[in-house]
$ cat work_29.txt   # compact mmCIF, C-alpha atoms
# COMPACT_ATOMS: atom_id res chain seq x y z
CA MET A 1 144.97 57.74 -26.16
CA LYS A 2 142.81 54.76 -27.15
CA ARG A 3 139.95 56.15 -25.04
CA LEU A 4 140.24 59.53 -26.73
CA PHE A 5 140.22 57.91 -30.17
CA ALA A 6 137.18 55.82 -29.27
CA LEU A 7 135.38 58.92 -28.01
CA PHE A 8 136.24 60.82 -31.22
CA LEU A 9 134.98 57.93 -33.37
CA ALA A 10 131.73 57.73 -31.41
CA LEU A 11 131.13 61.48 -31.76
CA THR A 12 131.82 61.31 -35.51
CA MET A 13 129.30 58.51 -35.96
CA LEU A 14 126.65 60.34 -33.93
CA THR A 15 127.17 63.51 -35.99
CA GLY A 16 126.73 61.57 -39.22
CA LEU A 17 123.60 59.89 -37.97
CA SER A 18 122.24 63.23 -36.82
CA SER A 19 122.86 64.82 -40.24
CA CYS A 20 121.09 61.96 -42.04
CA SER A 21 118.21 62.26 -39.62
CA LEU A 22 117.89 66.02 -40.24
CA ILE A 23 117.89 65.56 -44.03
CA LYS A 24 115.26 62.87 -43.78
CA LYS A 25 113.17 64.94 -41.39
CA TYR A 26 113.28 67.95 -43.75
CA ALA A 27 112.36 65.82 -46.77
CA LEU A 28 109.37 64.39 -44.95
CA GLY A 29 108.39 67.66 -43.33
CA THR A 30 107.55 65.74 -40.14
CA GLU A 31 109.00 63.11 -37.89
CA GLU A 32 108.93 59.60 -39.34
CA GLU A 33 105.71 57.90 -38.32
CA GLU A 34 104.88 54.34 -37.39
CA LYS A 35 103.49 52.01 -40.03
CA PRO A 36 99.79 52.54 -40.79
CA ALA A 37 97.12 50.08 -39.75
CA GLY A 38 97.06 46.91 -41.78
CA TYR A 39 100.83 46.67 -42.18
CA ILE A 40 102.09 43.09 -42.44
CA SER A 41 105.74 43.10 -43.48
CA THR A 42 108.47 44.73 -45.54
CA LYS A 43 109.89 42.86 -48.52
CA GLU A 44 112.08 43.47 -51.54
CA ASN A 45 112.50 42.11 -55.06
CA ASP A 46 115.00 42.94 -57.81
CA LEU A 47 113.69 46.48 -58.18
CA PHE A 48 111.84 47.62 -55.08
CA VAL A 49 111.62 47.64 -51.35
CA TYR A 50 107.92 47.56 -50.48
CA ASP A 51 105.53 47.33 -47.57
CA VAL A 52 102.85 44.65 -47.65
CA PHE A 53 99.47 45.60 -46.19
CA ARG A 54 96.33 43.56 -45.91
CA ASP A 55 94.83 45.01 -49.08
CA TYR A 56 97.61 46.78 -50.94
CA ILE A 57 101.32 47.35 -51.61
CA ALA A 58 103.28 50.54 -50.89
CA ILE A 59 106.57 51.07 -52.73
CA THR A 60 109.08 52.42 -50.17
CA GLY A 61 112.36 52.24 -52.07
CA TYR A 62 113.95 51.67 -55.47
CA ILE A 63 117.04 49.45 -55.56
CA GLY A 64 117.21 48.77 -59.30
CA GLU A 65 119.36 50.45 -61.94
CA GLU A 66 116.87 50.93 -64.77
CA THR A 67 116.67 54.47 -66.14
CA GLU A 68 113.24 53.89 -67.72
CA LEU A 69 111.09 52.36 -65.04
CA ILE A 70 107.66 50.74 -65.19
CA ILE A 71 106.09 50.19 -61.78
CA PRO A 72 103.77 47.15 -61.93
CA GLU A 73 100.12 47.29 -60.95
CA VAL A 74 100.37 44.13 -58.85
CA ILE A 75 103.05 42.76 -56.53
CA ASP A 76 102.51 39.61 -54.46
CA ASN A 77 98.94 39.43 -55.78
CA LYS A 78 98.06 42.82 -54.23
CA PRO A 79 97.49 46.15 -56.04
CA VAL A 80 100.22 48.77 -55.85
CA THR A 81 98.32 51.82 -54.56
CA THR A 82 100.99 53.90 -52.83
CA ILE A 83 104.39 55.45 -53.48
CA GLY A 84 105.68 55.92 -49.95
CA SER A 85 107.52 58.84 -48.38
CA ILE A 86 111.07 59.30 -49.72
CA ALA A 87 110.68 56.14 -51.84
CA PHE A 88 112.83 57.67 -54.60
CA PHE A 89 114.59 60.26 -52.42
CA GLU A 90 117.82 61.49 -54.08
CA ASN A 91 117.56 58.86 -56.80
CA ASN A 92 119.60 60.07 -59.77
CA ILE A 93 119.26 56.92 -61.86
CA VAL A 94 115.67 57.04 -63.12
CA GLU A 95 114.84 59.35 -66.01
CA SER A 96 111.26 58.30 -66.75
CA ILE A 97 108.68 56.44 -64.71
CA ILE A 98 105.37 54.90 -65.71
CA LEU A 99 103.21 54.73 -62.61
CA PRO A 100 100.58 51.98 -62.24
CA GLN A 101 96.92 52.74 -62.94
CA THR A 102 96.13 51.22 -59.53
CA LEU A 103 97.92 54.10 -57.80
CA THR A 104 95.90 56.36 -55.45
CA THR A 105 98.52 58.00 -53.21
CA ILE A 106 101.90 59.68 -53.66
CA GLU A 107 103.21 60.43 -50.19
CA GLY A 108 105.37 63.34 -49.04
CA SER A 109 108.82 63.68 -50.65
CA ALA A 110 108.24 60.53 -52.69
CA PHE A 111 110.38 61.82 -55.57
CA TYR A 112 112.28 64.50 -53.67
CA TYR A 113 115.57 65.42 -55.35
CA CYS A 114 115.22 63.06 -58.35
CA GLU A 115 117.41 65.35 -60.42
CA ASN A 116 117.38 63.30 -63.64
CA LEU A 117 113.66 62.56 -63.74
CA THR A 118 112.26 64.15 -66.92
CA GLU A 119 108.99 62.33 -67.58
CA LEU A 120 106.19 61.27 -65.27
CA GLU A 121 102.48 60.77 -65.91
CA ILE A 122 100.27 60.68 -62.84
CA PRO A 123 97.36 58.20 -63.15
CA LYS A 124 93.78 59.45 -62.99
CA GLY A 125 93.08 57.51 -59.81
CA VAL A 126 95.56 59.47 -57.68
CA THR A 127 93.70 61.58 -55.12
CA SER A 128 96.51 62.54 -52.74
CA ILE A 129 99.97 64.02 -53.41
CA GLY A 130 102.04 64.86 -50.34
CA GLU A 131 104.25 67.83 -49.50
CA ARG A 132 107.54 68.11 -51.40
CA ALA A 133 106.52 65.13 -53.55
CA PHE A 134 108.43 66.47 -56.57
CA ALA A 135 110.57 69.18 -54.95
CA TRP A 136 114.00 69.65 -56.57
CA CYS A 137 113.14 67.44 -59.56
CA SER A 138 115.20 69.87 -61.58
CA SER A 139 114.91 68.01 -64.92
CA LEU A 140 111.11 67.52 -64.87
CA LYS A 141 109.70 69.44 -67.83
CA ARG A 142 105.94 68.92 -67.79
CA ILE A 143 103.30 67.22 -65.72
CA GLN A 144 99.52 66.93 -65.78
CA LEU A 145 97.78 66.56 -62.46
CA PRO A 146 94.76 64.24 -62.14
CA GLN A 147 91.22 65.47 -61.55
CA GLY A 148 90.97 63.74 -58.18
CA ILE A 149 93.28 65.99 -56.16
CA SER A 150 91.88 68.90 -54.18
CA GLU A 151 95.12 70.50 -53.02
CA ILE A 152 98.65 71.16 -54.26
CA ARG A 153 100.46 70.97 -50.95
CA ASP A 154 103.39 72.97 -49.60
CA TYR A 155 106.61 72.79 -51.63
CA THR A 156 105.17 70.17 -54.03
CA PHE A 157 107.08 71.49 -57.06
CA ASN A 158 109.59 73.71 -55.28
CA HIS A 159 112.76 74.19 -57.38
CA CYS A 160 111.49 72.26 -60.40
CA SER A 161 113.63 74.58 -62.47
CA SER A 162 112.99 72.88 -65.85
CA LEU A 163 109.20 72.72 -65.48
CA GLU A 164 107.71 74.38 -68.56
CA GLU A 165 104.08 73.33 -68.41
CA ILE A 166 101.62 72.20 -65.79
CA ILE A 167 97.85 71.87 -66.02
CA ILE A 168 96.02 72.40 -62.75
CA PRO A 169 92.68 70.53 -62.76
CA ASP A 170 89.44 72.20 -61.72
CA SER A 171 89.21 69.96 -58.67
CA VAL A 172 92.01 71.85 -56.90
CA ARG A 173 90.85 74.27 -54.21
CA ARG A 174 94.10 75.21 -52.49
CA ILE A 175 97.68 75.83 -53.57
CA GLY A 176 100.12 75.58 -50.69
CA THR A 177 103.11 77.57 -49.49
CA ARG A 178 105.92 77.70 -52.09
CA ALA A 179 104.15 75.04 -54.14
CA PHE A 180 105.79 76.37 -57.34
CA SER A 181 108.60 78.55 -56.00
CA TRP A 182 111.75 78.72 -58.15
CA CYS A 183 110.04 77.08 -61.13
CA SER A 184 112.22 79.28 -63.28
CA SER A 185 111.20 77.85 -66.69
CA LEU A 186 107.44 78.17 -66.16
CA GLU A 187 106.08 80.92 -68.42
CA GLU A 188 102.32 80.71 -67.84
CA ILE A 189 99.97 79.42 -65.17
CA GLU A 190 96.20 79.39 -64.96
CA LEU A 191 94.41 78.84 -61.70
CA PRO A 192 91.01 77.26 -62.40
CA PRO A 193 87.86 78.78 -60.86
CA SER A 194 87.89 76.06 -58.20
CA VAL A 195 90.98 77.54 -56.50
CA ILE A 196 89.99 79.63 -53.49
CA SER A 197 93.31 79.89 -51.63
CA VAL A 198 96.96 80.48 -52.60
CA GLY A 199 99.67 80.14 -49.93
CA ASP A 200 102.73 82.21 -49.05
CA ASN A 201 105.33 82.59 -51.83
CA ALA A 202 103.46 80.06 -53.97
CA PHE A 203 105.17 81.33 -57.15
CA LEU A 204 108.23 82.97 -55.62
CA SER A 205 111.08 83.59 -58.10
CA CYS A 206 109.39 82.14 -61.16
CA GLY A 207 111.67 84.31 -63.25
CA SER A 208 110.33 83.34 -66.69
CA MET A 209 106.64 83.61 -65.81
CA ARG A 210 104.91 86.16 -68.02
CA TYR A 211 101.24 85.56 -67.23
CA ALA A 212 99.23 84.20 -64.33
CA ILE A 213 95.50 83.92 -64.99
CA VAL A 214 93.49 84.11 -61.78
CA HIS A 215 89.71 83.82 -61.60
CA GLY A 216 87.46 85.77 -59.28
CA ASN A 217 86.75 82.92 -56.88
CA THR A 218 90.30 83.02 -55.53
CA ASP A 219 89.95 85.27 -52.48
CA ASP A 220 92.62 84.11 -50.01
CA PHE A 221 96.22 85.09 -50.77
CA GLY A 222 99.29 84.56 -48.63
CA VAL A 223 102.40 86.70 -48.33
CA GLY A 224 104.47 87.37 -51.44
CA VAL A 225 102.62 85.01 -53.78
CA PHE A 226 104.30 86.46 -56.89
CA ASP A 227 107.44 87.99 -55.39
CA ASP A 228 110.52 88.16 -57.64
CA CYS A 229 108.54 87.28 -60.78
CA GLU A 230 110.06 90.14 -62.71
CA LEU A 231 108.34 89.46 -66.06
CA LEU A 232 104.90 88.68 -64.64
CA THR A 233 101.57 90.29 -65.43
CA VAL A 234 98.55 88.95 -63.58
CA VAL A 235 95.38 88.58 -65.67
CA THR A 236 92.28 89.08 -63.55
CA SER A 237 89.13 91.21 -63.61
CA GLU A 238 88.99 94.58 -61.91
CA GLY A 239 87.49 94.50 -58.44
CA THR A 240 88.28 90.85 -57.71
CA PRO A 241 90.19 89.93 -54.53
CA CYS A 242 93.14 89.05 -56.75
CA TYR A 243 93.05 92.48 -58.41
CA ILE A 244 93.03 94.23 -55.03
CA TYR A 245 95.83 91.96 -53.77
CA CYS A 246 97.97 92.75 -56.82
CA ILE A 247 97.42 96.50 -56.49
CA ASP A 248 98.34 96.35 -52.79
CA ASN A 249 101.52 94.41 -53.54
CA GLY A 250 102.64 96.17 -56.69
CA TYR A 251 102.12 93.28 -59.13
CA PRO A 252 101.28 94.45 -62.69
CA THR A 253 97.70 93.57 -63.54
CA ILE A 254 95.56 93.58 -66.69
CA SER A 255 91.95 92.54 -67.29
CA GLU A 256 92.42 91.52 -70.91
CA LYS A 257 94.02 88.27 -72.02
CA PRO A 258 96.81 88.94 -74.53
CA GLU A 259 96.44 87.54 -78.04
CA GLU A 260 99.25 85.09 -77.40
CA LEU A 261 96.99 83.42 -74.83
CA ASP A 262 94.44 82.87 -77.63
CA GLN A 263 91.86 85.25 -76.24
CA SER A 264 91.63 89.02 -76.49
CA ASP A 265 88.23 89.66 -74.89
CA ASP A 266 88.07 92.58 -72.53
CA LEU A 267 87.60 90.93 -69.16
CA SER A 268 86.14 94.05 -67.61
CA SER A 269 83.10 93.73 -69.90
CA GLU A 270 80.23 91.27 -69.64
CA ASP A 271 82.51 88.62 -71.13
CA SER A 272 84.58 88.75 -67.94
CA GLU A 273 81.91 86.74 -66.14
CA GLU A 274 83.67 83.52 -67.11
CA LEU A 275 86.84 84.66 -65.38
CA ASN A 276 84.93 85.66 -62.28
CA ASN A 277 83.27 82.25 -61.92
$ encode --input "work_29.txt" --output "C-alpha cells"
Amino acid sequence: MKRLFALFLALTMLTGLSSCSLIKKYALGTEEEEKPAGYISTKENDLFVYDVFRDYIAITGYIGEETELIIPEVIDNKPVTTIGSIAFFENNIVESIILPQTLTTIEGSAFYYCENLTELEIPKGVTSIGERAFAWCSSLKRIQLPQGISEIRDYTFNHCSSLEEIIIPDSVRRIGTRAFSWCSSLEEIELPPSVISVGDNAFLSCGSMRYAIVHGNTDDFGVGVFDDCELLTVVTSEGTPCYIYCIDNGYPTISEKPEELDQSDDLSSEDSEELNN
C-alpha cells in the first residue's frame, strides 16, 4: 500500500511539473534557452529578480507588491536595458508601470497575462518587442509604440480586450500572426505606409473595429486578416493589393475616408497618392 501511495504521489508531482512546463513553454513560444553571453549572476532586491550581465541588467521577475511601479534606470551601477521573458507573467498586482528610459528590449511574454495592467508607456529607445509581450493584458486601454521597432510580432496584443487606441509608428514593416486578434474594444487602426506584410488573423474578432486604413505599399496578406470583424470597413484605394485582397475575401471596402476620420477626400482621385505611398 505504501508503495502504491508513493507511486501515486510521484505521478501527481510529475503531472503538475509537466503542466507548469507546458504553460511556460506556450507563454514563451519556444523552449527556455540558456543565458545569453555575458551573463554573470542572478540576484534579487526588494522588488525584482534580475540577471546581471557585463554591461547591463535584465529584469526577470517582480516580487514586490506595489500596484504603481517605477522600474529604475540603474541597478547595481548598470543600466536596466531588458525586461526578460515572462518577467511579469500572470502578475495581477501591478496596475501601472513606468519603464526606464534606458530600456531597449522587451522579450517574449514579458507582460503575458497581466490582467490588471492599465497603463504602460514604452520608452523611445526600445527597438525589440517579443512575441506575446502583452498578450491577455485585458485591462490595457492604450499604448503608443516607439519609432525604433520594425515588427509587431505574433500574438503581441492578442486578447487585449480593453485596448481602445494604438498608434503604429512608420518604422513598422511587418505585423505578425494574430498580433491584434480579439482586441474587441479597438475601433480604428491605421497601418502606416511602411507596413508591407500582415500575418494570418492579425485582426481576428476585433468586434468593435469600424475602420482599418491600409496604404498601397502593403502587398502581403495572410489568411483571414479581418475575419469576424463584423462592423469593419477597410479604407484603401482601388487597385491596391489590399483592395484586391478585400474583394477576394468579402471584406467591405471604400476608397474615401469618412468624415469622422477627419478626411473626406476621394482616395480614388489624384489625392489618393498619399494613401498609396
$ closest_residue --input "work_29.txt" --among "A:Leu99, A:Ile93, A:Val214, A:Ile175" --to "Glu188 in chain A" --atoms "all atoms listed in the file"
A:Val214
$ residues_around --input "work_29.txt" --residues "Arg210 in chain A" --least-positions-apart "4" --cutoff "6 Å" --atoms "all atoms listed in the file" --output "PDB file with C-alpha atoms, in the coordinates of the input"
ATOM      1  CA  GLU A 187     106.080  80.920 -68.420  1.00  0.00           C
ATOM      2  CA  LEU A 231     108.340  89.460 -66.060  1.00  0.00           C
ATOM      3  CA  LEU A 232     104.900  88.680 -64.640  1.00  0.00           C
ATOM      4  CA  THR A 233     101.570  90.290 -65.430  1.00  0.00           C
TER       5      THR A 233
END
$ closest_residue --input "work_29.txt" --among "A:Thr240, A:Ser85, A:Thr42, A:Thr118" --to "Glu68 in chain A" --atoms "only C-alpha atoms"
A:Thr118
$ atom_distance --input "work_29.txt" --atom1 "CA of Asp154 in chain A" --atom2 "CA of Ile106 in chain A"
14.0 Å
$ residues_around --input "work_29.txt" --residues "Asp219 in chain A" --least-positions-apart "6" --cutoff "8 Å" --atoms "all atoms listed in the file" --output "PyMOL selection string"
chain A and resi 196-197+240-242
$ atom_distance --input "work_29.txt" --atom1 "CA of Asn116 in chain A" --atom2 "CA of Asp46 in chain A"
21.3 Å
$ residues_around --input "work_29.txt" --residues "range 55-62 of chain A" --least-positions-apart "6" --cutoff "7 Å" --atoms "all atoms listed in the file" --output "list in words"
Leu47, Phe48, Val49, Ile75, Lys78, Pro79, Val80, Thr81, Thr82, Ile83, Gly84, Ser85, Ala87 and Phe88 of chain A
$ atom_distance --input "work_29.txt" --atom1 "CA of Thr67 in chain A" --atom2 "CA of Ser96 in chain A"
6.7 Å
$ residues_near_point --input "work_29.txt" --point "(112.1, 95.0, -61.3)" --cutoff "12 Å" --atoms "only C-alpha atoms" --output "PyMOL selection string"
chain A and resi 205+207+227-232+250-252
$ write_last_selection --input "work_29.txt" --atoms "C-alpha atoms" --output "PDB file, keeping the file's coordinate frame"
ATOM      1  CA  SER A 205     111.080  83.590 -58.100  1.00  0.00           C
ATOM      2  CA  GLY A 207     111.670  84.310 -63.250  1.00  0.00           C
ATOM      3  CA  ASP A 227     107.440  87.990 -55.390  1.00  0.00           C
ATOM      4  CA  ASP A 228     110.520  88.160 -57.640  1.00  0.00           C
ATOM      5  CA  CYS A 229     108.540  87.280 -60.780  1.00  0.00           C
ATOM      6  CA  GLU A 230     110.060  90.140 -62.710  1.00  0.00           C
ATOM      7  CA  LEU A 231     108.340  89.460 -66.060  1.00  0.00           C
ATOM      8  CA  LEU A 232     104.900  88.680 -64.640  1.00  0.00           C
ATOM      9  CA  GLY A 250     102.640  96.170 -56.690  1.00  0.00           C
ATOM     10  CA  TYR A 251     102.120  93.280 -59.130  1.00  0.00           C
ATOM     11  CA  PRO A 252     101.280  94.450 -62.690  1.00  0.00           C
TER      12      PRO A 252
END
$ residues_around --input "work_29.txt" --residues "Cys183 in chain A" --least-positions-apart "4" --cutoff "9 Å" --atoms "only C-alpha atoms" --output "list in words"
Ser138, Phe157, Asn158, His159, Cys160, Ser161, Ser162, Leu163, Glu164, Phe203, Leu204, Ser205, Cys206, Gly207, Ser208 and Met209 of chain A
$ residues_around --input "work_29.txt" --residues "Gly199 in chain A" --least-positions-apart "5" --cutoff "7 Å" --atoms "all atoms listed in the file" --output "list of chain:residue names"
A:Ile175, A:Gly176, A:Thr177, A:Phe221, A:Gly222, A:Val225
